[in-house]
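Containing mmCIF, C-alpha atoms: model.cif.
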```cif
data_input
loop_
_atom_site.label_atom_id
_atom_site.label_comp_id
_atom_site.auth_asym_id
_atom_site.auth_seq_id
_atom_site.Cartn_x
_atom_site.Cartn_y
_atom_site.Cartn_z
CA MET J 125 0.00 0.00 0.00
CA LYS J 126 1.40 3.33 -1.07
CA LEU J 127 1.02 6.28 1.25
CA SER J 128 -1.01 8.10 -1.42
CA THR J 129 -3.58 5.30 -1.09
CA TYR J 130 -3.51 5.67 2.69
CA ASN J 131 -4.83 9.18 2.19
CA PHE J 132 -8.04 7.85 0.62
CA LEU J 133 -8.89 5.22 3.23
CA THR J 134 -11.55 5.59 5.89
CA SER J 135 -13.27 3.36 8.44
CA MET J 136 -16.57 5.24 8.17
CA ALA J 137 -18.34 2.11 6.93
CA ILE J 138 -18.29 0.88 10.53
CA LYS J 139 -21.65 1.41 12.19
CA GLY J 140 -21.57 4.60 14.29
CA VAL J 141 -18.28 5.91 12.92
CA LYS J 142 -18.64 9.49 11.68
CA VAL J 143 -15.44 10.33 9.82
CA GLY J 144 -13.04 7.43 10.34
CA PHE J 145 -10.17 9.47 8.98
CA PRO J 146 -7.25 9.66 9.11
CA LEU J 147 -6.65 6.10 10.19
CA LYS J 148 -3.81 5.52 12.62
CA LEU J 149 -1.00 3.98 10.59
CA THR J 150 1.67 1.60 11.84
CA ILE J 151 4.40 0.35 9.54
CA SER J 152 6.33 -2.77 10.43
CA LYS J 153 7.79 -3.55 7.01
CA LYS J 154 8.12 -1.33 4.00
CA GLU J 155 10.05 -1.19 0.77
CA VAL J 156 11.02 1.61 -1.54
CA VAL J 157 9.81 1.17 -5.09
CA GLU J 158 11.40 3.69 -7.39
CA SER J 159 9.05 5.37 -9.79
CA GLU J 160 9.40 8.17 -12.29
CA PHE J 161 9.08 11.63 -10.77
CA ASN J 162 6.39 13.68 -12.44
CA PRO J 163 6.15 17.09 -10.69
CA THR J 164 2.93 18.02 -12.50
CA PHE J 165 1.23 14.86 -11.29
CA VAL J 166 2.23 15.43 -7.67
CA GLU J 167 1.02 19.02 -7.85
CA ARG J 168 -2.31 17.99 -9.43
CA ILE J 169 -3.02 15.34 -6.84
CA LEU J 170 -2.24 17.51 -3.80
CA PRO J 171 -5.62 19.28 -3.60
CA LYS J 172 -7.23 15.82 -3.35
CA LEU J 173 -5.08 14.88 -0.39
CA ASP J 174 -5.49 15.81 3.23
CA TRP J 175 -2.26 17.44 4.31
CA SER J 176 -2.58 16.40 7.94
CA ALA J 177 -2.74 12.77 6.77
CA VAL J 178 0.22 13.36 4.44
CA TYR J 179 2.18 14.75 7.37
CA GLY J 180 0.98 11.92 9.61
CA ALA J 181 2.24 9.39 7.08
CA ALA J 182 5.57 11.22 6.91
CA GLN J 183 5.88 10.96 10.70
CA VAL J 184 5.25 7.22 10.65
CA ALA J 185 7.62 6.74 7.72
CA GLU J 186 10.22 8.85 9.57
CA LEU J 187 10.45 11.40 6.79
CA THR J 188 9.32 14.48 8.70
CA ASP J 189 12.55 16.29 7.96
CA ASP J 190 11.29 16.40 4.42
CA ILE J 191 7.65 17.31 4.90
CA PRO J 192 6.45 20.39 6.83
CA ALA J 193 3.59 20.04 9.32
CA VAL J 194 1.58 22.73 7.57
CA GLN J 195 1.10 22.80 3.84
CA PRO J 196 3.22 25.63 2.44
CA GLU J 197 1.81 27.94 -0.19
CA ASN J 198 2.84 27.53 -3.80
CA VAL J 199 4.01 23.95 -3.42
CA GLY J 200 4.00 23.79 -7.22
CA GLU J 201 6.96 26.13 -7.36
CA ASN J 202 8.94 24.11 -4.86
CA GLU J 203 10.39 21.29 -6.94
CA LEU J 204 12.42 19.91 -4.06
CA LEU J 205 9.32 19.53 -1.90
CA LEU J 206 7.41 17.97 -4.82
CA GLN J 207 10.21 15.45 -5.16
CA LYS J 208 10.04 14.61 -1.48
CA LEU J 209 6.28 14.28 -1.66
CA HIS J 210 6.67 11.99 -4.67
CA HIS J 211 8.99 9.77 -2.65
CA LEU J 212 6.69 9.74 0.36
CA LEU J 213 3.44 9.19 -1.52
CA PHE J 214 4.39 6.98 -4.45
CA GLU J 215 7.63 5.20 -3.65
CA ILE J 216 7.08 3.87 -0.16
CA ASP J 217 5.14 0.63 -0.25
CA VAL J 218 3.88 -0.54 3.12
CA LEU J 219 4.11 -4.33 3.08
CA GLU J 220 3.22 -5.14 6.68
CA GLY J 221 1.57 -3.02 9.29
CA GLN J 222 -1.86 -1.88 10.34
CA LEU J 223 -4.47 0.83 10.15
CA GLU J 224 -6.58 1.69 13.17
CA CYS J 225 -9.98 3.37 13.22
CA PRO J 226 -9.55 6.68 15.09
CA GLU J 227 -13.02 6.39 16.63
CA THR J 228 -13.42 2.72 17.57
CA GLY J 229 -9.88 1.36 17.64
CA ARG J 230 -10.81 -1.38 15.16
CA VAL J 231 -7.57 -2.63 13.63
CA PHE J 232 -7.17 -3.37 9.92
CA PRO J 233 -4.06 -5.42 9.18
CA ILE J 234 -1.85 -4.76 6.16
CA THR J 235 -0.42 -8.03 4.83
CA ASP J 236 1.72 -8.50 1.73
CA GLY J 237 1.04 -4.89 0.82
CA ILE J 238 -2.75 -5.25 0.96
CA PRO J 239 -4.83 -3.57 3.68
CA ASN J 240 -7.73 -5.73 4.82
CA MET J 241 -10.59 -3.29 5.34
CA LEU J 242 -13.33 -5.89 5.00
CA LEU J 243 -15.86 -5.59 7.81
CA ASN J 244 -17.90 -8.35 9.36
CA GLU J 245 -21.64 -8.27 8.98
CA ASP J 246 -22.16 -7.26 12.62
CA GLU J 247 -19.93 -4.21 12.20
CA VAL J 248 -21.83 -2.44 9.44
CA MET M 298 -5.16 -0.14 -24.94
CA GLU M 299 -3.04 -3.21 -24.51
CA THR M 300 -4.44 -6.29 -22.81
CA PRO M 301 -2.22 -6.85 -19.77
CA TYR M 302 -0.08 -9.95 -19.43
CA THR M 303 -1.60 -12.66 -17.27
CA ASP M 304 1.05 -15.34 -17.71
CA HIS M 305 2.00 -14.95 -14.05
CA LEU M 306 -1.41 -16.33 -13.02
CA SER M 307 -1.79 -20.09 -12.90
CA LEU M 308 -4.70 -22.44 -13.30
CA GLU M 309 -4.70 -22.68 -9.54
CA ASP M 310 -5.20 -18.91 -9.29
CA PHE M 311 -8.17 -19.18 -11.62
CA GLU M 312 -9.75 -21.75 -9.35
CA HIS M 313 -10.27 -18.90 -6.91
CA VAL M 314 -10.24 -15.78 -9.05
CA TYR M 315 -12.43 -14.95 -12.04
CA GLU M 316 -10.52 -15.50 -15.26
CA PRO M 317 -10.79 -12.65 -17.78
CA ALA M 318 -13.52 -13.49 -20.28
CA GLU M 319 -15.76 -11.81 -22.87
CA ASP M 320 -17.30 -9.50 -20.28
CA SER M 321 -13.89 -8.33 -19.10
CA PHE M 322 -12.83 -7.67 -22.67
CA LEU M 323 -15.98 -5.67 -23.39
CA LEU M 324 -15.22 -3.41 -20.45
CA LEU M 325 -11.67 -2.99 -21.71
CA ASP M 326 -12.97 -2.17 -25.18
CA ALA M 327 -15.37 0.41 -23.75
CA LEU M 328 -12.54 2.17 -21.90
CA GLU M 329 -10.47 2.12 -25.05
CA LYS M 330 -13.34 3.63 -27.03
CA ASP M 331 -13.73 6.37 -24.42
CA LEU M 332 -10.04 7.03 -23.90
CA GLU M 333 -10.16 10.53 -25.31
CA TYR M 334 -12.92 11.43 -22.86
CA LEU M 335 -10.97 9.88 -20.00
CA GLU M 336 -7.78 11.71 -20.93
CA GLN M 337 -9.66 14.99 -21.04
CA LEU M 338 -11.28 14.24 -17.71
CA GLN M 339 -7.80 13.83 -16.18
CA PRO M 340 -9.17 11.78 -13.30
CA HIS M 341 -7.34 12.03 -10.00
CA LEU M 342 -8.61 8.71 -8.73
CA CYS M 343 -9.72 5.63 -10.71
CA VAL M 344 -11.11 2.62 -8.87
CA GLU M 345 -12.20 -0.81 -9.99
CA LEU M 346 -14.58 -2.68 -7.70
CA GLY M 347 -14.28 -6.45 -7.61
CA SER M 348 -11.09 -6.35 -9.63
CA GLY M 349 -10.54 -10.13 -9.74
CA SER M 350 -7.39 -10.80 -11.76
CA GLY M 351 -6.87 -7.05 -12.09
CA VAL M 352 -6.53 -6.89 -15.87
CA ILE M 353 -8.97 -4.02 -16.38
CA ILE M 354 -7.63 -1.59 -13.80
CA THR M 355 -4.07 -2.53 -14.77
CA ALA M 356 -4.75 -1.65 -18.42
CA LEU M 357 -6.30 1.67 -17.38
CA ALA M 358 -3.51 2.43 -14.91
CA LYS M 359 -0.97 2.00 -17.68
CA LYS M 360 -2.87 4.36 -19.97
CA LEU M 361 -3.48 7.03 -17.37
CA ALA M 362 -0.14 6.66 -15.60
CA GLY M 363 0.74 10.34 -15.98
CA PHE M 364 -2.22 11.76 -14.13
CA SER M 365 -4.26 9.23 -12.15
CA LEU M 366 -4.05 7.25 -8.96
CA CYS M 367 -5.54 3.80 -9.45
CA LEU M 368 -6.99 1.49 -6.81
CA ALA M 369 -8.64 -1.90 -6.91
CA THR M 370 -10.93 -3.49 -4.34
CA ASP M 371 -12.18 -7.04 -3.91
CA ILE M 372 -13.64 -9.03 -1.04
CA ASN M 373 -11.66 -12.09 -2.08
CA PRO M 374 -8.10 -12.01 -0.70
CA LYS M 375 -6.86 -14.16 -3.58
CA ALA M 376 -8.25 -11.63 -6.03
CA CYS M 377 -6.57 -8.74 -4.18
CA ASN M 378 -3.32 -10.63 -4.38
CA ALA M 379 -3.79 -11.53 -8.06
CA THR M 380 -4.53 -7.89 -8.87
CA ARG M 381 -1.39 -6.75 -7.11
CA ARG M 382 0.67 -9.30 -9.01
CA THR M 383 -0.93 -8.35 -12.33
CA ALA M 384 -0.03 -4.70 -11.70
CA THR M 385 3.56 -5.63 -10.88
CA ARG M 386 3.88 -7.96 -13.87
CA ASN M 387 2.74 -5.17 -16.18
CA GLY M 388 4.59 -2.32 -14.53
CA ALA M 389 1.38 -0.53 -13.54
CA ARG M 390 1.14 1.70 -10.49
CA LEU M 391 -1.91 0.70 -8.47
CA ASP M 392 -2.86 -0.53 -5.02
CA SER M 393 -5.12 -3.38 -4.03
CA ILE M 394 -7.46 -3.06 -1.04
CA ARG M 395 -9.57 -5.82 0.46
CA CYS M 396 -13.04 -4.43 1.14
CA SER M 397 -16.62 -4.59 -0.02
CA LEU M 398 -17.33 -2.30 -3.00
CA ALA M 399 -15.99 1.19 -2.15
CA ASP M 400 -16.61 0.88 1.59
CA ALA M 401 -13.06 1.82 2.61
CA LEU M 402 -12.78 4.93 0.43
CA ARG M 403 -13.36 8.52 1.45
CA PRO M 404 -16.73 9.78 0.24
CA GLN M 405 -17.18 11.34 -3.20
CA SER M 406 -13.53 10.84 -4.08
CA VAL M 407 -13.73 8.60 -7.14
CA ASP M 408 -13.49 10.17 -10.61
CA VAL M 409 -13.59 6.97 -12.64
CA LEU M 410 -15.34 3.90 -11.26
CA LEU M 411 -15.32 0.53 -13.01
CA PHE M 412 -17.51 -2.41 -12.09
CA ASN M 413 -17.99 -5.76 -13.72
CA PRO M 414 -20.41 -7.09 -11.12
CA PRO M 415 -21.54 -10.61 -10.37
CA TYR M 416 -24.35 -10.38 -12.92
CA VAL M 417 -25.56 -13.92 -13.50
CA VAL M 418 -29.18 -14.50 -12.51
CA THR M 419 -29.22 -17.05 -9.69
CA SER M 420 -31.40 -17.86 -6.75
CA ASP M 421 -30.85 -15.57 -3.79
CA ALA M 422 -30.04 -18.69 -1.81
CA GLU M 423 -26.93 -19.04 -3.90
CA LEU M 424 -25.81 -15.68 -2.58
CA GLN M 425 -26.90 -16.19 0.98
CA THR M 426 -24.71 -19.21 1.36
CA GLN M 427 -21.85 -16.86 0.58
CA HIS M 428 -20.20 -15.48 3.59
CA PHE M 429 -16.99 -13.61 3.65
CA ASP M 430 -15.65 -12.34 6.87
CA SER M 431 -12.50 -10.43 7.38
CA HIS M 432 -10.75 -13.23 9.23
CA SER M 433 -11.21 -15.91 6.62
CA GLU M 434 -8.00 -16.30 4.72
CA SER M 435 -8.76 -19.77 3.58
CA SER M 436 -10.21 -19.75 0.16
CA THR M 437 -12.71 -22.17 -1.18
CA ASP M 438 -14.57 -22.69 -4.40
CA ARG M 439 -17.17 -20.32 -3.00
CA ASN M 440 -14.85 -17.43 -3.81
CA LEU M 441 -15.41 -18.00 -7.45
CA VAL M 442 -19.18 -18.37 -7.12
CA PHE M 443 -19.26 -14.95 -5.53
CA SER M 444 -17.55 -13.47 -8.58
CA TRP M 445 -20.52 -14.25 -10.81
CA ALA M 446 -23.64 -15.16 -8.83
CA GLY M 447 -25.93 -12.13 -8.86
CA GLY M 448 -29.09 -13.36 -7.13
CA GLN M 449 -32.48 -12.15 -8.34
CA ASP M 450 -32.22 -10.47 -11.76
CA GLY M 451 -28.47 -10.77 -11.29
CA ARG M 452 -28.75 -7.44 -9.53
CA ARG M 453 -28.19 -7.98 -5.81
CA VAL M 454 -24.68 -6.53 -5.69
CA THR M 455 -25.23 -3.99 -8.47
CA ASP M 456 -28.25 -2.57 -6.65
CA ILE M 457 -26.21 -2.08 -3.49
CA LEU M 458 -23.64 -0.14 -5.49
CA LEU M 459 -26.24 2.02 -7.23
CA LYS M 460 -27.67 3.04 -3.86
CA GLN M 461 -24.20 4.15 -2.74
CA LEU M 462 -23.20 5.78 -6.00
CA ASP M 463 -23.85 9.36 -4.87
CA ASP M 464 -21.52 8.79 -1.91
CA ILE M 465 -18.79 7.27 -4.05
CA LEU M 466 -18.50 9.37 -7.20
CA SER M 467 -16.84 12.78 -7.16
CA PRO M 468 -18.85 15.68 -8.64
CA ARG M 469 -17.36 14.95 -12.08
CA GLY M 470 -17.22 11.19 -11.55
CA VAL M 471 -18.14 8.58 -14.14
CA LEU M 472 -19.10 4.93 -13.72
CA TYR M 473 -18.66 2.23 -16.36
CA LEU M 474 -20.92 -0.65 -15.38
CA LEU M 475 -21.18 -3.98 -17.14
CA LEU M 476 -24.66 -5.45 -17.38
CA LEU M 477 -26.48 -8.36 -18.89
CA ARG M 478 -29.82 -7.88 -20.62
CA GLU M 479 -31.41 -9.98 -17.84
CA ASN M 480 -30.24 -7.31 -15.37
CA LYS M 481 -32.83 -4.99 -17.00
CA PRO M 482 -30.62 -2.09 -18.08
CA GLU M 483 -33.62 0.15 -18.93
CA GLU M 484 -34.91 -0.22 -15.40
CA ILE M 485 -31.48 0.72 -14.06
CA ILE M 486 -31.27 3.77 -16.35
CA LYS M 487 -34.65 5.00 -15.08
CA TYR M 488 -33.70 4.35 -11.48
CA LEU M 489 -30.47 6.32 -11.92
CA GLU M 490 -32.33 9.23 -13.53
CA GLY M 491 -34.39 9.42 -10.35
CA LEU M 492 -31.14 9.76 -8.41
CA GLU M 493 -30.00 12.57 -10.72
CA PHE M 494 -27.60 10.53 -12.74
CA ARG M 495 -27.52 10.28 -16.49
CA ALA M 496 -26.98 6.74 -17.77
CA VAL M 497 -26.52 5.65 -21.37
CA LYS M 498 -25.84 2.34 -23.05
CA PHE M 499 -22.33 3.08 -24.17
CA MET M 500 -21.54 -0.26 -25.80
CA GLU M 501 -23.19 -3.61 -26.29
CA ARG M 502 -22.12 -7.00 -27.52
CA ARG M 503 -23.85 -10.29 -28.18
CA ILE M 504 -21.90 -13.39 -27.36
CA PRO M 505 -23.25 -16.93 -27.32
CA GLY M 506 -25.81 -17.05 -24.52
CA GLU M 507 -25.31 -13.48 -23.30
CA HIS M 508 -26.19 -9.97 -24.40
CA LEU M 509 -23.81 -7.62 -22.61
CA TYR M 510 -23.96 -3.88 -22.14
CA ILE M 511 -21.68 -1.20 -20.78
CA LEU M 512 -23.62 1.51 -19.05
CA LYS M 513 -21.86 4.87 -18.76
CA VAL M 514 -23.15 6.87 -15.81
CA THR M 515 -22.44 10.50 -14.93
CA ARG M 516 -24.11 13.03 -12.67
CA SER M 517 -26.89 14.97 -14.38
CA SER M 518 -25.27 18.12 -13.03
CA ALA M 519 -21.91 17.38 -14.66
CA ALA M 520 -21.06 18.88 -18.04
CA SER M 521 -21.38 16.24 -20.72
#
```
Any chance you could put this one into structure tokens?
Amino acid sequence: MKLSTYNFLTSMAIKGVKVGFPLKLTISKKEVVESEFNPTFVERILPKLDWSAVYGAAQVAELTDDIPAVQPENVGENELLLQKLHHLLFEIDVLEGQLECPETGRVFPITDGIPNMLLNEDEV
Amino acid sequence: METPYTDHLSLEDFEHVYEPAEDSFLLLDALEKDLEYLEQLQPHLCVELGSGSGVIITALAKKLAGFSLCLATDINPKACNATRRTATRNGARLDSIRCSLADALRPQSVDVLLFNPPYVVTSDAELQTQHFDSHSESSTDRNLVFSWAGGQDGRRVTDILLKQLDDILSPRGVLYLLLLRENKPEEIIKYLEGLEFRAVKFMERRIPGEHLYILKVTRSSAAS
């Protein structure tokens, strides 16, 4: 699971959960998958992402030196930051770990790079 | 659009995961036919529900690599795994998530949604004997039944999706939905109009024993 994907995941399908976002991420095994840097793509996708979850992911991935806690203005003009965001969002593949619902504490394991967000019938 | 390689998947995989067939290829052909539209749309997020082997979303991910994030969901862990392997084999950038439909995704975030649902008309009992829970890793033949058995009118799963569509699609979102004539496409089009969506039969194909359609669905409020 890439950290860009993490930004789109929610546990709000659980009965009673209001927002379910951002999920609490734990990484126990990750790999870096190099991919072509496309600054325009990173810039285009940013408005769709929640910066606090981007920053949260950076903290867990231990890359906070690269990513500021508050989204700076004119990120598009900051190629170095775009490059760091590219690395954080598209090159780090979480292989093992977990996601936790911020409201109920329900844990969703990540195994072989695939988060298991399937809920049981009594949870929905 | 190139058909992705599937030589990494074995016969054993296809005992648990739906093997690409005529319906899959029709959906691929529809995306190919609409590629100009999709490229103009510049979708941020493309998602295939029930991705199975992953060939469709992999083909799209390769085409839209420069501007889209692509995700695939499936309830079947073997399908999630097959999709991930298909993406890797074909050098496509996408992630696989195990969940039901778009349950795990933030609301109204999907710009392009693809769904080749379990559309075969079966008894509802066939579906009710299906039970996936999040702890079951063991896979049985039932996995495969779930990939095609659609219950009454072959619509049980499709109808659930249609009810959630407003929560899933972004304001400019588009859904490509595969249907069988027995699924009553006209009825679905009318139903969607009532929910302020515009649905058209975008493509159709007759194959032995089946008359397949691709429905293209957008919000009535979106520019055409």
When you draw a straight line from atom CA of Val194 of chain J to atom CA of Gly144 of chain J, how long is it in Å?
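One can read the atom CA of Val194 of chain J to atom CA of Gly144 of chain J distance as 21.3 Å.
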So, counting all atoms listed in the file, which residue among M:Pro415, M:Gly349, M:Gly363, M:Pro404 is closest to Thr164 of chain J?
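Closest candidate: M:Gly363.
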Residues of chain M near chain J: apply a cut-off of 9 Å, count all atoms listed in the file, and supply the list as a PyMOL selection string.
chain M and resi 341-342+363-368+372+374+377-378+381+390-397+400-404+406+429-432
Excluding Ile486 of chain M and its own-chain neighbours fewer than 2 positions away, which residues fall within 12 Å of it when counting all atoms listed in the file? Please give them as a VMD selection string.
chain M and resid 456 459 474 476 480 to 484 488 to 499 511 to 515
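Remark: for Ser321 of chain M, the closest of the candidate residues M:Thr303, M:Asn413, M:Asn373, M:Thr383 is M:Asn413 (distances computed over all atoms listed in the file).
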Where is the centre and how long are the edges: axis-aligned box on segment 197-208 of chain J, 8 Å on each side, Å to one decimal, as JSON:
```
{"center_x": 7.1, "center_y": 21.3, "center_z": -3.8, "size_x": 26.6, "size_y": 29.3, "size_z": 23.2}
```
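Using only C-alpha atoms for every distance, the candidate list M:Thr419, M:Thr300, M:Gln339, M:Thr370 yields M:Thr300 as the residue closest to Leu324 of chain M.
Going from atom CA of Ala369 of chain M to atom CA of Leu209 of chain J covers 22.6 Å.
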Report as a PyMOL selection string the residues that result from applying the PyMOL selection byres ((chain M and resi 358) around 7) to the structure here.
chain M and resi 354-357+359-362+367+389-391
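Atom pair atom CA of Leu346 of chain M / atom CA of Leu328 of chain M: separated by 15.1 Å.
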Nearest-residue call for Thr455 of chain M, choices M:Ser467, M:Gly506, M:Cys343, M:Leu398, using only C-alpha atoms:
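Selected residue with least distance to Thr455 of chain M: M:Leu398.
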List the residues matched by the PyMOL selection byres ((chain M and resi 408) around 9) in the displayed structure as a list of chain:residue names, ordered by chain and then by residue number.
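Expected selection for the PyMOL selection byres ((chain M and resi 408) around 9) here is M:Leu338, M:Gln339, M:Pro340, M:His341, M:Leu342, M:Cys343, M:Val344, M:Gln405, M:Ser406, M:Val407, M:Val409, M:Leu410, M:Ile465, M:Leu466, M:Ser467, M:Pro468, M:Arg469, M:Gly470, M:Val471, M:Leu472.
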My list of candidates is J:His210, J:Ile151, J:Ser176, J:Glu167. Which is closest to Asn198 of chain J when distances are computed with all atoms listed in the file?
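Using all atoms listed in the file, Asn198 of chain J sits closest to J:Glu167.
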Identify, on the basis of only C-alpha atoms, every residue whose closest approach to Lys153 of chain J does not exceed 9 Å; exclude the query and any residue fewer than 2 positions from it along the same chain; express the result as a CSV table (one decimal) with C-alpha atoms, in the coordinates of the input.
```csv
chain,number,residue,atom,x,y,z
J,151,ILE,CA,4.4,0.4,9.5
J,155,GLU,CA,10.0,-1.2,0.8
J,217,ASP,CA,5.1,0.6,-0.2
J,218,VAL,CA,3.9,-0.5,3.1
J,219,LEU,CA,4.1,-4.3,3.1
J,220,GLU,CA,3.2,-5.1,6.7
J,221,GLY,CA,1.6,-3.0,9.3
```
